[in-house]
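Shown below: query-v7.pdb, with PDB, C-alpha atoms and all ligand atoms.
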ATOM      1  CA  MET D  29      25.323 -13.435  -8.579  1.00  0.00           C
ATOM      2  CA  ILE D  30      24.973 -10.697  -5.957  1.00  0.00           C
ATOM      3  CA  LEU D  31      23.149  -7.676  -7.412  1.00  0.00           C
ATOM      4  CA  TYR D  32      23.923  -4.308  -5.838  1.00  0.00           C
ATOM      5  CA  ILE D  33      21.170  -1.787  -6.653  1.00  0.00           C
ATOM      6  CA  ASN D  34      22.689   1.565  -5.767  1.00  0.00           C
ATOM      7  CA  SER D  35      20.188   4.448  -5.645  1.00  0.00           C
ATOM      8  CA  CYS D  36      22.490   6.856  -3.779  1.00  0.00           C
ATOM      9  CA  VAL D  37      22.570  10.217  -5.527  1.00  0.00           C
ATOM     10  CA  ARG D  38      25.426  12.005  -3.775  1.00  0.00           C
ATOM     11  CA  SER D  39      28.975  11.168  -4.884  1.00  0.00           C
ATOM     12  CA  ASP D  40      30.151  11.054  -1.238  1.00  0.00           C
ATOM     13  CA  SER D  41      27.128   9.057  -0.126  1.00  0.00           C
ATOM     14  CA  ARG D  42      27.329   7.627   3.384  1.00  0.00           C
ATOM     15  CA  THR D  43      24.619   5.097   2.522  1.00  0.00           C
ATOM     16  CA  ASP D  44      26.771   3.768  -0.323  1.00  0.00           C
ATOM     17  CA  ARG D  45      29.759   3.490   2.039  1.00  0.00           C
ATOM     18  CA  LEU D  46      27.671   1.474   4.497  1.00  0.00           C
ATOM     19  CA  ALA D  47      26.340  -0.716   1.684  1.00  0.00           C
ATOM     20  CA  ARG D  48      29.849  -1.462   0.414  1.00  0.00           C
ATOM     21  CA  ALA D  49      30.866  -2.497   3.942  1.00  0.00           C
ATOM     22  CA  VAL D  50      27.936  -4.956   3.854  1.00  0.00           C
ATOM     23  CA  LEU D  51      28.934  -6.148   0.364  1.00  0.00           C
ATOM     24  CA  ASP D  52      32.561  -6.658   1.452  1.00  0.00           C
ATOM     25  CA  LYS D  53      31.278  -9.398   3.777  1.00  0.00           C
ATOM     26  CA  MET D  54      29.215 -11.027   1.032  1.00  0.00           C
ATOM     27  CA  GLY D  55      31.606 -11.439  -1.910  1.00  0.00           C
ATOM     28  CA  SER D  56      31.853 -10.143  -5.480  1.00  0.00           C
ATOM     29  CA  TYR D  57      28.880  -8.303  -6.922  1.00  0.00           C
ATOM     30  CA  THR D  58      27.401  -6.658  -9.984  1.00  0.00           C
ATOM     31  CA  GLU D  59      26.472  -3.017  -9.444  1.00  0.00           C
ATOM     32  CA  LEU D  60      23.539  -1.194 -10.977  1.00  0.00           C
ATOM     33  CA  TYR D  61      24.010   2.527 -10.327  1.00  0.00           C
ATOM     34  CA  LEU D  62      20.455   3.800 -10.763  1.00  0.00           C
ATOM     35  CA  PRO D  63      21.198   7.544 -11.146  1.00  0.00           C
ATOM     36  CA  ASP D  64      23.085   6.719 -14.371  1.00  0.00           C
ATOM     37  CA  GLU D  65      20.584   4.201 -15.732  1.00  0.00           C
ATOM     38  CA  ASP D  66      18.309   5.223 -18.592  1.00  0.00           C
ATOM     39  CA  ILE D  67      15.031   4.209 -16.954  1.00  0.00           C
ATOM     40  CA  MET D  68      11.889   6.308 -17.050  1.00  0.00           C
ATOM     41  CA  PRO D  69       8.546   6.237 -15.239  1.00  0.00           C
ATOM     42  CA  LEU D  70       6.116   4.026 -17.149  1.00  0.00           C
ATOM     43  CA  THR D  71       4.107   5.973 -19.716  1.00  0.00           C
ATOM     44  CA  GLU D  72       0.846   4.830 -21.315  1.00  0.00           C
ATOM     45  CA  ALA D  73       2.759   3.806 -24.450  1.00  0.00           C
ATOM     46  CA  ALA D  74       5.299   1.831 -22.408  1.00  0.00           C
ATOM     47  CA  LEU D  75       2.513   0.093 -20.495  1.00  0.00           C
ATOM     48  CA  GLU D  76       0.736  -0.871 -23.705  1.00  0.00           C
ATOM     49  CA  LYS D  77       3.981  -2.223 -25.154  1.00  0.00           C
ATOM     50  CA  ARG D  78       4.697  -4.189 -21.980  1.00  0.00           C
ATOM     51  CA  THR D  79       1.183  -5.644 -21.810  1.00  0.00           C
ATOM     52  CA  ALA D  80       1.370  -6.734 -25.468  1.00  0.00           C
ATOM     53  CA  LEU D  81       4.820  -8.333 -25.029  1.00  0.00           C
ATOM     54  CA  LEU D  82       3.742 -10.189 -21.886  1.00  0.00           C
ATOM     55  CA  ALA D  83       0.532 -11.410 -23.559  1.00  0.00           C
ATOM     56  CA  ALA D  84       2.593 -12.697 -26.500  1.00  0.00           C
ATOM     57  CA  GLY D  85       5.104 -14.372 -24.167  1.00  0.00           C
ATOM     58  CA  LYS D  86       7.944 -12.290 -25.584  1.00  0.00           C
ATOM     59  CA  LEU D  87       9.908 -12.190 -22.359  1.00  0.00           C
ATOM     60  CA  ASP D  88      13.240 -11.813 -24.162  1.00  0.00           C
ATOM     61  CA  ASP D  89      12.470  -8.234 -25.230  1.00  0.00           C
ATOM     62  CA  PRO D  90      15.182  -5.777 -24.006  1.00  0.00           C
ATOM     63  CA  MET D  91      12.417  -4.022 -22.065  1.00  0.00           C
ATOM     64  CA  PHE D  92      12.645  -6.912 -19.590  1.00  0.00           C
ATOM     65  CA  ASP D  93      16.440  -6.975 -19.151  1.00  0.00           C
ATOM     66  CA  TYR D  94      16.296  -5.335 -15.699  1.00  0.00           C
ATOM     67  CA  ALA D  95      13.505  -7.699 -14.619  1.00  0.00           C
ATOM     68  CA  HIS D  96      15.480 -10.807 -15.649  1.00  0.00           C
ATOM     69  CA  GLN D  97      18.623  -9.523 -13.931  1.00  0.00           C
ATOM     70  CA  PHE D  98      16.638  -8.958 -10.718  1.00  0.00           C
ATOM     71  CA  ALA D  99      14.813 -12.301 -10.909  1.00  0.00           C
ATOM     72  CA  GLU D 100      18.029 -14.252 -11.477  1.00  0.00           C
ATOM     73  CA  ALA D 101      20.159 -12.671  -8.716  1.00  0.00           C
ATOM     74  CA  ASP D 102      21.131 -14.967  -5.838  1.00  0.00           C
ATOM     75  CA  LYS D 103      21.241 -12.100  -3.341  1.00  0.00           C
ATOM     76  CA  ILE D 104      20.200  -8.472  -3.619  1.00  0.00           C
ATOM     77  CA  VAL D 105      21.528  -5.416  -1.799  1.00  0.00           C
ATOM     78  CA  ILE D 106      19.666  -2.121  -2.188  1.00  0.00           C
ATOM     79  CA  SER D 107      21.190   1.130  -0.948  1.00  0.00           C
ATOM     80  CA  ALA D 108      18.909   4.130  -0.562  1.00  0.00           C
ATOM     81  CA  PRO D 109      19.254   7.258   1.584  1.00  0.00           C
ATOM     82  CA  PHE D 110      16.185   8.181   3.643  1.00  0.00           C
ATOM     83  CA  TRP D 111      14.536  10.913   1.598  1.00  0.00           C
ATOM     84  CA  ASP D 112      11.268  12.612   2.497  1.00  0.00           C
ATOM     85  CA  GLY D 113      10.112   9.649   4.552  1.00  0.00           C
ATOM     86  CA  SER D 114      10.982   7.238   1.746  1.00  0.00           C
ATOM     87  CA  PHE D 115      13.788   6.832  -0.830  1.00  0.00           C
ATOM     88  CA  PRO D 116      15.005   8.536  -4.045  1.00  0.00           C
ATOM     89  CA  SER D 117      12.373   8.352  -6.783  1.00  0.00           C
ATOM     90  CA  LYS D 118      14.634   6.578  -9.270  1.00  0.00           C
ATOM     91  CA  LEU D 119      14.358   3.495  -7.075  1.00  0.00           C
ATOM     92  CA  LYS D 120      10.560   3.538  -7.463  1.00  0.00           C
ATOM     93  CA  VAL D 121      10.998   4.004 -11.216  1.00  0.00           C
ATOM     94  CA  TYR D 122      13.301   0.962 -11.225  1.00  0.00           C
ATOM     95  CA  ILE D 123      10.696  -1.097  -9.333  1.00  0.00           C
ATOM     96  CA  GLU D 124       8.007  -0.076 -11.861  1.00  0.00           C
ATOM     97  CA  ASN D 125      10.301  -1.233 -14.635  1.00  0.00           C
ATOM     98  CA  ILE D 126      11.199  -4.635 -13.177  1.00  0.00           C
ATOM     99  CA  TYR D 127       7.720  -5.595 -11.973  1.00  0.00           C
ATOM    100  CA  ALA D 128       6.740  -7.662 -15.006  1.00  0.00           C
ATOM    101  CA  VAL D 129       4.112 -10.296 -14.274  1.00  0.00           C
ATOM    102  CA  GLY D 130       5.520 -13.613 -15.472  1.00  0.00           C
ATOM    103  CA  ILE D 131       9.148 -12.678 -14.713  1.00  0.00           C
ATOM    104  CA  VAL D 132       9.431 -11.477 -11.099  1.00  0.00           C
ATOM    105  CA  SER D 133       5.957 -12.534  -9.935  1.00  0.00           C
ATOM    106  CA  ARG D 134       2.750 -14.179 -11.066  1.00  0.00           C
ATOM    107  CA  TYR D 135      -0.775 -14.424  -9.671  1.00  0.00           C
ATOM    108  CA  SER D 136      -2.498 -17.493  -8.236  1.00  0.00           C
ATOM    109  CA  PRO D 137      -6.106 -18.050  -9.411  1.00  0.00           C
ATOM    110  CA  ASP D 138      -7.356 -16.214  -6.301  1.00  0.00           C
ATOM    111  CA  GLY D 139      -5.166 -13.180  -7.037  1.00  0.00           C
ATOM    112  CA  THR D 140      -2.411 -13.857  -4.531  1.00  0.00           C
ATOM    113  CA  PRO D 141       1.036 -12.851  -5.829  1.00  0.00           C
ATOM    114  CA  ILE D 142       3.498 -15.733  -6.152  1.00  0.00           C
ATOM    115  CA  GLY D 143       7.119 -14.636  -6.301  1.00  0.00           C
ATOM    116  CA  LEU D 144       9.374 -15.929  -9.059  1.00  0.00           C
ATOM    117  CA  CYS D 145      12.688 -14.421  -7.929  1.00  0.00           C
ATOM    118  CA  ARG D 146      15.629 -16.664  -7.090  1.00  0.00           C
ATOM    119  CA  ALA D 147      17.234 -14.509  -4.365  1.00  0.00           C
ATOM    120  CA  ASP D 148      17.174 -15.955  -0.863  1.00  0.00           C
ATOM    121  CA  GLU D 149      18.012 -12.625   0.760  1.00  0.00           C
ATOM    122  CA  LEU D 150      17.520  -8.914   0.196  1.00  0.00           C
ATOM    123  CA  VAL D 151      19.489  -6.442   2.306  1.00  0.00           C
ATOM    124  CA  TYR D 152      18.185  -2.866   2.438  1.00  0.00           C
ATOM    125  CA  VAL D 153      20.834  -0.347   3.466  1.00  0.00           C
ATOM    126  CA  THR D 154      19.903   3.186   4.448  1.00  0.00           C
ATOM    127  CA  THR D 155      21.070   6.206   6.414  1.00  0.00           C
ATOM    128  CA  ALA D 156      18.913   8.982   7.833  1.00  0.00           C
ATOM    129  CA  GLY D 157      19.601  12.549   8.879  1.00  0.00           C
ATOM    130  CA  GLY D 158      17.287  12.234  11.881  1.00  0.00           C
ATOM    131  CA  LYS D 159      15.262   9.341  13.325  1.00  0.00           C
ATOM    132  CA  TYR D 160      14.642   6.624  10.742  1.00  0.00           C
ATOM    133  CA  ILE D 161      11.000   5.712   9.995  1.00  0.00           C
ATOM    134  CA  PRO D 162      10.821   2.459   7.995  1.00  0.00           C
ATOM    135  CA  ASP D 163       7.138   2.506   6.921  1.00  0.00           C
ATOM    136  CA  PHE D 164       7.511   3.818   3.352  1.00  0.00           C
ATOM    137  CA  SER D 165      11.059   2.693   2.639  1.00  0.00           C
ATOM    138  CA  TYR D 166      12.275  -0.575   4.178  1.00  0.00           C
ATOM    139  CA  GLY D 167       8.717  -1.490   5.195  1.00  0.00           C
ATOM    140  CA  TYR D 168       7.537  -1.194   1.600  1.00  0.00           C
ATOM    141  CA  ILE D 169      10.516  -3.082   0.153  1.00  0.00           C
ATOM    142  CA  LYS D 170      10.129  -5.886   2.727  1.00  0.00           C
ATOM    143  CA  THR D 171       6.413  -6.286   1.946  1.00  0.00           C
ATOM    144  CA  LEU D 172       7.113  -6.335  -1.783  1.00  0.00           C
ATOM    145  CA  ALA D 173      10.073  -8.735  -1.557  1.00  0.00           C
ATOM    146  CA  GLU D 174       8.498 -11.232   0.836  1.00  0.00           C
ATOM    147  CA  GLY D 175       4.861 -10.911  -0.225  1.00  0.00           C
ATOM    148  CA  CYS D 176       5.131 -10.536  -4.002  1.00  0.00           C
ATOM    149  CA  LEU D 177       8.598 -11.389  -5.297  1.00  0.00           C
ATOM    150  CA  GLY D 178       9.316 -14.620  -3.424  1.00  0.00           C
ATOM    151  CA  ILE D 179      12.380 -13.361  -1.536  1.00  0.00           C
ATOM    152  CA  LYS D 180      11.949 -14.939   1.862  1.00  0.00           C
ATOM    153  CA  ASN D 181      14.477 -13.008   3.923  1.00  0.00           C
ATOM    154  CA  THR D 182      14.901  -9.264   4.081  1.00  0.00           C
ATOM    155  CA  ARG D 183      17.262  -7.454   6.399  1.00  0.00           C
ATOM    156  CA  LEU D 184      17.673  -3.778   7.291  1.00  0.00           C
ATOM    157  CA  VAL D 185      21.104  -2.210   7.821  1.00  0.00           C
ATOM    158  CA  MET D 186      20.609   1.359   8.995  1.00  0.00           C
ATOM    159  CA  ALA D 187      22.457   4.315  10.528  1.00  0.00           C
ATOM    160  CA  GLU D 188      20.436   7.277  11.747  1.00  0.00           C
ATOM    161  CA  MET D 189      20.857  10.733  13.335  1.00  0.00           C
ATOM    162  CA  LEU D 190      23.688  11.588  10.939  1.00  0.00           C
ATOM    163  CA  ASP D 191      22.654  15.227  10.427  1.00  0.00           C
ATOM    164  CA  ILE D 192      21.641  16.148  13.973  1.00  0.00           C
ATOM    165  CA  GLU D 193      23.784  18.623  15.876  1.00  0.00           C
ATOM    166  CA  GLY D 194      25.706  16.981  18.690  1.00  0.00           C
ATOM    167  CA  PHE D 195      25.800  13.575  16.971  1.00  0.00           C
ATOM    168  CA  ASP D 196      29.063  12.335  15.449  1.00  0.00           C
ATOM    169  CA  ALA D 197      28.028  10.980  12.051  1.00  0.00           C
ATOM    170  CA  GLU D 198      31.383   9.352  11.294  1.00  0.00           C
ATOM    171  CA  LYS D 199      31.398   7.555  14.650  1.00  0.00           C
ATOM    172  CA  ILE D 200      27.807   6.354  14.184  1.00  0.00           C
ATOM    173  CA  LEU D 201      28.724   4.991  10.751  1.00  0.00           C
ATOM    174  CA  ALA D 202      31.960   3.378  11.960  1.00  0.00           C
ATOM    175  CA  ASP D 203      30.147   1.716  14.882  1.00  0.00           C
ATOM    176  CA  ARG D 204      27.467   0.362  12.540  1.00  0.00           C
ATOM    177  CA  MET D 205      30.119  -0.995  10.165  1.00  0.00           C
ATOM    178  CA  LYS D 206      31.913  -2.724  13.059  1.00  0.00           C
ATOM    179  CA  ASP D 207      28.666  -4.427  13.951  1.00  0.00           C
ATOM    180  CA  LEU D 208      27.917  -6.041  10.561  1.00  0.00           C
TER     181      LEU D 208
HETATM  182  C1  LIG Y 301      16.294  15.298  -0.618  1.00  0.00           C
HETATM  183  C2  LIG Y 301      16.587  14.878   0.804  1.00  0.00           C
HETATM  184  C3  LIG Y 301      15.538  14.450   1.641  1.00  0.00           C
HETATM  185  C4  LIG Y 301      15.793  14.046   2.955  1.00  0.00           C
HETATM  186  N1  LIG Y 301      14.761  13.650   3.752  1.00  0.00           N
HETATM  187  C5  LIG Y 301      15.003  13.237   5.023  1.00  0.00           C
HETATM  188  C6  LIG Y 301      13.941  12.790   5.868  1.00  0.00           C
HETATM  189  O1  LIG Y 301      12.768  12.768   5.481  1.00  0.00           O
HETATM  190  N2  LIG Y 301      14.248  12.411   7.126  1.00  0.00           N
HETATM  191  C7  LIG Y 301      15.540  12.405   7.613  1.00  0.00           C
HETATM  192  O2  LIG Y 301      15.775  11.992   8.744  1.00  0.00           O
HETATM  193  N3  LIG Y 301      16.565  12.796   6.814  1.00  0.00           N
HETATM  194  C8  LIG Y 301      16.331  13.224   5.550  1.00  0.00           C
HETATM  195  N4  LIG Y 301      17.365  13.623   4.739  1.00  0.00           N
HETATM  196  C9  LIG Y 301      18.747  13.493   5.241  1.00  0.00           C
HETATM  197  C10 LIG Y 301      19.393  12.194   4.738  1.00  0.00           C
HETATM  198  O3  LIG Y 301      18.603  11.067   5.055  1.00  0.00           O
HETATM  199  C11 LIG Y 301      20.778  11.957   5.317  1.00  0.00           C
HETATM  200  O4  LIG Y 301      21.613  13.089   5.132  1.00  0.00           O
HETATM  201  C12 LIG Y 301      21.417  10.719   4.710  1.00  0.00           C
HETATM  202  O5  LIG Y 301      22.496  10.293   5.507  1.00  0.00           O
HETATM  203  C13 LIG Y 301      21.883  11.004   3.293  1.00  0.00           C
HETATM  204  O6  LIG Y 301      22.500   9.865   2.789  1.00  0.00           O
HETATM  205  P1  LIG Y 301      23.715   9.952   1.764  1.00  0.00           P
HETATM  206  O7  LIG Y 301      24.926  10.456   2.532  1.00  0.00           O
HETATM  207  O8  LIG Y 301      23.870   8.535   1.316  1.00  0.00           O
HETATM  208  O9  LIG Y 301      23.321  10.876   0.657  1.00  0.00           O
HETATM  209  C14 LIG Y 301      17.126  14.050   3.441  1.00  0.00           C
HETATM  210  C15 LIG Y 301      18.174  14.481   2.607  1.00  0.00           C
HETATM  211  C16 LIG Y 301      17.915  14.887   1.308  1.00  0.00           C
HETATM  212  C17 LIG Y 301      19.056  15.345   0.419  1.00  0.00           C
END

Now that the file is in, can you turn its structure into structure tokens?
Amino acid sequence: MILYINSCVRSDSRTDRLARAVLDKMGSYTELYLPDEDIMPLTEAALEKRTALLAAGKLDDPMFDYAHQFAEADKIVISAPFWDGSFPSKLKVYIENIYAVGIVSRYSPDGTPIGLCRADELVYVTTAGGKYIPDFSYGYIKTLAEGCLGIKNTRLVMAEMLDIEGFDAEKILADRMKDL
């Protein structure tokens, strides 16, 4: 199963258009449209519940549905516009909610994360108004996927300079799509 994690907020999102061009080359997919998902930042109560469920081995609790879906995907595509040097906050909330130790990752005795996810590839799709800076968006996702979740290959698909005067956003996007 290809899991498409769509964190694009705007209904005419250019990032989503680019992501769907990527997905068209990959095959059929299941979409998770994060702006519509009922996920919240972890509260103290939610953390306590999660810790108790994990300690009891109750991994089938509905609280872990997103984590299982992520761990079982064969390929993952994330779309996220470049916002404030990073990505929309709902994507971080989603990551908080899926990062259950014992489902997406575990620790070796020396504290090294060992990934438990099946996916062999994660594609991160983004567009930026100006120059794209990957450090706190793709850079973070790549480190997490490869270093903690067990997803060996990550790939960036990016179009930048879409909001800068004198640059033709539609042409930049079309050229990037031709190149996939
Ligand atoms: C809340 C917000 C924050 C943004 N922050 C940045 C930024 O830090 N750097 C940048 O180059 N563009 C920034 N932009 C511009 C977007 O990255 C750009 O318009 C992008 O193509 C939007 O993608 P979308 O069409 O999928 O919504 C921002 C736009 C919004 C709405």

Go ahead and find all residues with at least one atom no further than 10 Å from (23.0, 4.3, -6.6) in the file's coordinates, using only C-alpha atoms; report them as a list of chain:residue names.
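All residues meeting the 10 Å criterion around (23.0, 4.3, -6.6) are D:Tyr32, D:Ile33, D:Asn34, D:Ser35, D:Cys36, D:Val37, D:Arg38, D:Ser39, D:Ser41, D:Thr43, D:Asp44, D:Glu59, D:Leu60, D:Tyr61, D:Leu62, D:Pro63, D:Asp64, D:Glu65, D:Ile106, D:Ser107, D:Ala108, D:Pro109, D:Pro116, D:Lys118, D:Leu119.
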
Using all atoms listed in the file for the distances, tell me which of D:Leu70, D:Leu75, D:Val185, D:Ile192 is nearest to Thr154 (chain D).
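Going through D:Leu70, D:Leu75, D:Val185, D:Ile192 one by one, the smallest distance to Thr154 (chain D) is for D:Val185.
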
Taking every listed atom of ligand LIG 301 (chain Y) and adding 8 Å to each side, what centre and edge lengths in Å (one decimal) does the axis-aligned box have, as JSON?
{"center_x": 18.8, "center_y": 11.9, "center_z": 4.1, "size_x": 28.2, "size_y": 22.8, "size_z": 25.4}

On this structure, the PyMOL selection byres (((chain D and resi 189) around 12) and not hetatm) would catch which residues? List them as a PDB file with C-alpha atoms, in the frame of the given file, sorted by chain and number.
ATOM      1  CA  PHE D 110      16.185   8.181   3.643  1.00  0.00           C
ATOM      2  CA  THR D 154      19.903   3.186   4.448  1.00  0.00           C
ATOM      3  CA  THR D 155      21.070   6.206   6.414  1.00  0.00           C
ATOM      4  CA  ALA D 156      18.913   8.982   7.833  1.00  0.00           C
ATOM      5  CA  GLY D 157      19.601  12.549   8.879  1.00  0.00           C
ATOM      6  CA  GLY D 158      17.287  12.234  11.881  1.00  0.00           C
ATOM      7  CA  LYS D 159      15.262   9.341  13.325  1.00  0.00           C
ATOM      8  CA  TYR D 160      14.642   6.624  10.742  1.00  0.00           C
ATOM      9  CA  ILE D 161      11.000   5.712   9.995  1.00  0.00           C
ATOM     10  CA  MET D 186      20.609   1.359   8.995  1.00  0.00           C
ATOM     11  CA  ALA D 187      22.457   4.315  10.528  1.00  0.00           C
ATOM     12  CA  GLU D 188      20.436   7.277  11.747  1.00  0.00           C
ATOM     13  CA  LEU D 190      23.688  11.588  10.939  1.00  0.00           C
ATOM     14  CA  ASP D 191      22.654  15.227  10.427  1.00  0.00           C
ATOM     15  CA  ILE D 192      21.641  16.148  13.973  1.00  0.00           C
ATOM     16  CA  GLU D 193      23.784  18.623  15.876  1.00  0.00           C
ATOM     17  CA  GLY D 194      25.706  16.981  18.690  1.00  0.00           C
ATOM     18  CA  PHE D 195      25.800  13.575  16.971  1.00  0.00           C
ATOM     19  CA  ASP D 196      29.063  12.335  15.449  1.00  0.00           C
ATOM     20  CA  ALA D 197      28.028  10.980  12.051  1.00  0.00           C
ATOM     21  CA  GLU D 198      31.383   9.352  11.294  1.00  0.00           C
ATOM     22  CA  LYS D 199      31.398   7.555  14.650  1.00  0.00           C
ATOM     23  CA  ILE D 200      27.807   6.354  14.184  1.00  0.00           C
ATOM     24  CA  LEU D 201      28.724   4.991  10.751  1.00  0.00           C
TER      25      LEU D 201
END

Expanded to explicit residues, what is the PyMOL selection byres (((chain D and resi 123) around 10) and not hetatm) for this file, as a list in words?
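Listing what the PyMOL selection byres (((chain D and resi 123) around 10) and not hetatm) selects in the shown file: Pro69, Tyr94, Ala95, Phe98, Ser117, Lys118, Leu119, Lys120, Val121, Tyr122, Glu124, Asn125, Ile126, Tyr127, Ala128, Ile169 and Leu172 of chain D.
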
Residues matched by the PyMOL selection byres (((chain D and resi 48) around 10) and not hetatm), written as a list of chain:residue names:
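Here the PyMOL selection byres (((chain D and resi 48) around 10) and not hetatm) matches D:Tyr32, D:Asn34, D:Arg42, D:Thr43, D:Asp44, D:Arg45, D:Leu46, D:Ala47, D:Ala49, D:Val50, D:Leu51, D:Asp52, D:Lys53, D:Met54, D:Val105, D:Ser107, D:Val153, D:Met205.
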
Nearest residue to ligand LIG 301 (chain Y) out of D:Glu76, D:Asp66, D:Asp138, D:Asp163, using all atoms listed in the file?
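Of D:Glu76, D:Asp66, D:Asp138, D:Asp163, the one nearest ligand LIG 301 (chain Y) is D:Asp163, counting all atoms listed in the file.
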
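Restricting the calculation to only C-alpha atoms, the smallest distance between Trp111 (chain D) and any of D:Gly130, D:Gly178, D:Gly85, D:Pro162 is found for D:Pro162.
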
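Atom pair CA of Asp93 (chain D) / CA of Cys145 (chain D): separated by 14.0 Å.
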
Nearest to ligand LIG 301 (chain Y), chosen from D:Gly55, D:Asp40, D:Lys103, D:Ala74, with only C-alpha atoms and all ligand atoms counted in the distances:
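For ligand LIG 301 (chain Y), the nearest of the candidates is D:Asp40.
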
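The gap separating CA of Glu72 (chain D) from CA of His96 (chain D) is 22.2 Å, in Å to one decimal.
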
Take region 65-71 of chain D, model all heavy atoms, and hand the result over as a CSV table (one decimal), in the frame of the given file.
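Produced file rebuild-v4.csv, reproduced below:
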chain,number,residue,atom,x,y,z
D,65,GLU,N,21.3,5.1,-14.8
D,65,GLU,CA,20.6,4.2,-15.7
D,65,GLU,C,19.5,5.0,-16.5
D,65,GLU,O,18.8,5.8,-15.9
D,65,GLU,CB,20.0,3.1,-14.9
D,65,GLU,CG,21.0,2.1,-14.4
D,65,GLU,CD,21.8,1.3,-15.4
D,65,GLU,OE1,21.2,0.9,-16.4
D,65,GLU,OE2,23.0,1.2,-15.2
D,66,ASP,N,19.3,4.6,-17.7
D,66,ASP,CA,18.3,5.2,-18.6
D,66,ASP,C,16.9,4.6,-18.4
D,66,ASP,O,16.4,3.9,-19.3
D,66,ASP,CB,18.8,5.1,-20.0
D,66,ASP,CG,17.9,5.9,-21.0
D,66,ASP,OD1,17.2,6.8,-20.5
D,66,ASP,OD2,17.9,5.6,-22.2
D,67,ILE,N,16.4,4.8,-17.2
D,67,ILE,CA,15.0,4.2,-17.0
D,67,ILE,C,14.1,5.4,-16.6
D,67,ILE,O,14.4,6.3,-16.0
D,67,ILE,CB,15.0,3.2,-15.8
D,67,ILE,CG1,15.8,3.6,-14.6
D,67,ILE,CG2,15.4,1.8,-16.3
D,67,ILE,CD1,15.7,2.7,-13.4
D,68,MET,N,12.9,5.2,-17.2
D,68,MET,CA,11.9,6.3,-17.0
D,68,MET,C,10.6,5.8,-16.4
D,68,MET,O,10.3,4.6,-16.4
D,68,MET,CB,11.5,6.8,-18.5
D,68,MET,CG,12.7,7.3,-19.3
D,68,MET,SD,13.4,8.8,-18.6
D,68,MET,CE,12.1,9.9,-19.1
D,69,PRO,N,9.9,6.7,-15.8
D,69,PRO,CA,8.5,6.2,-15.2
D,69,PRO,C,7.7,5.7,-16.4
D,69,PRO,O,7.9,6.1,-17.5
D,69,PRO,CB,7.9,7.5,-14.7
D,69,PRO,CG,9.0,8.5,-14.5
D,69,PRO,CD,10.1,8.1,-15.5
D,70,LEU,N,6.9,4.7,-16.1
D,70,LEU,CA,6.1,4.0,-17.1
D,70,LEU,C,5.1,5.0,-17.7
D,70,LEU,O,4.4,5.7,-17.0
D,70,LEU,CB,5.4,2.8,-16.6
D,70,LEU,CG,6.3,1.6,-16.3
D,70,LEU,CD1,5.5,0.5,-15.6
D,70,LEU,CD2,6.9,1.0,-17.6
D,71,THR,N,5.1,5.1,-19.0
D,71,THR,CA,4.1,6.0,-19.7
D,71,THR,C,3.0,5.1,-20.2
D,71,THR,O,3.1,3.8,-20.2
D,71,THR,CB,4.7,6.7,-20.9
D,71,THR,OG1,5.2,5.6,-21.8
D,71,THR,CG2,5.9,7.6,-20.5
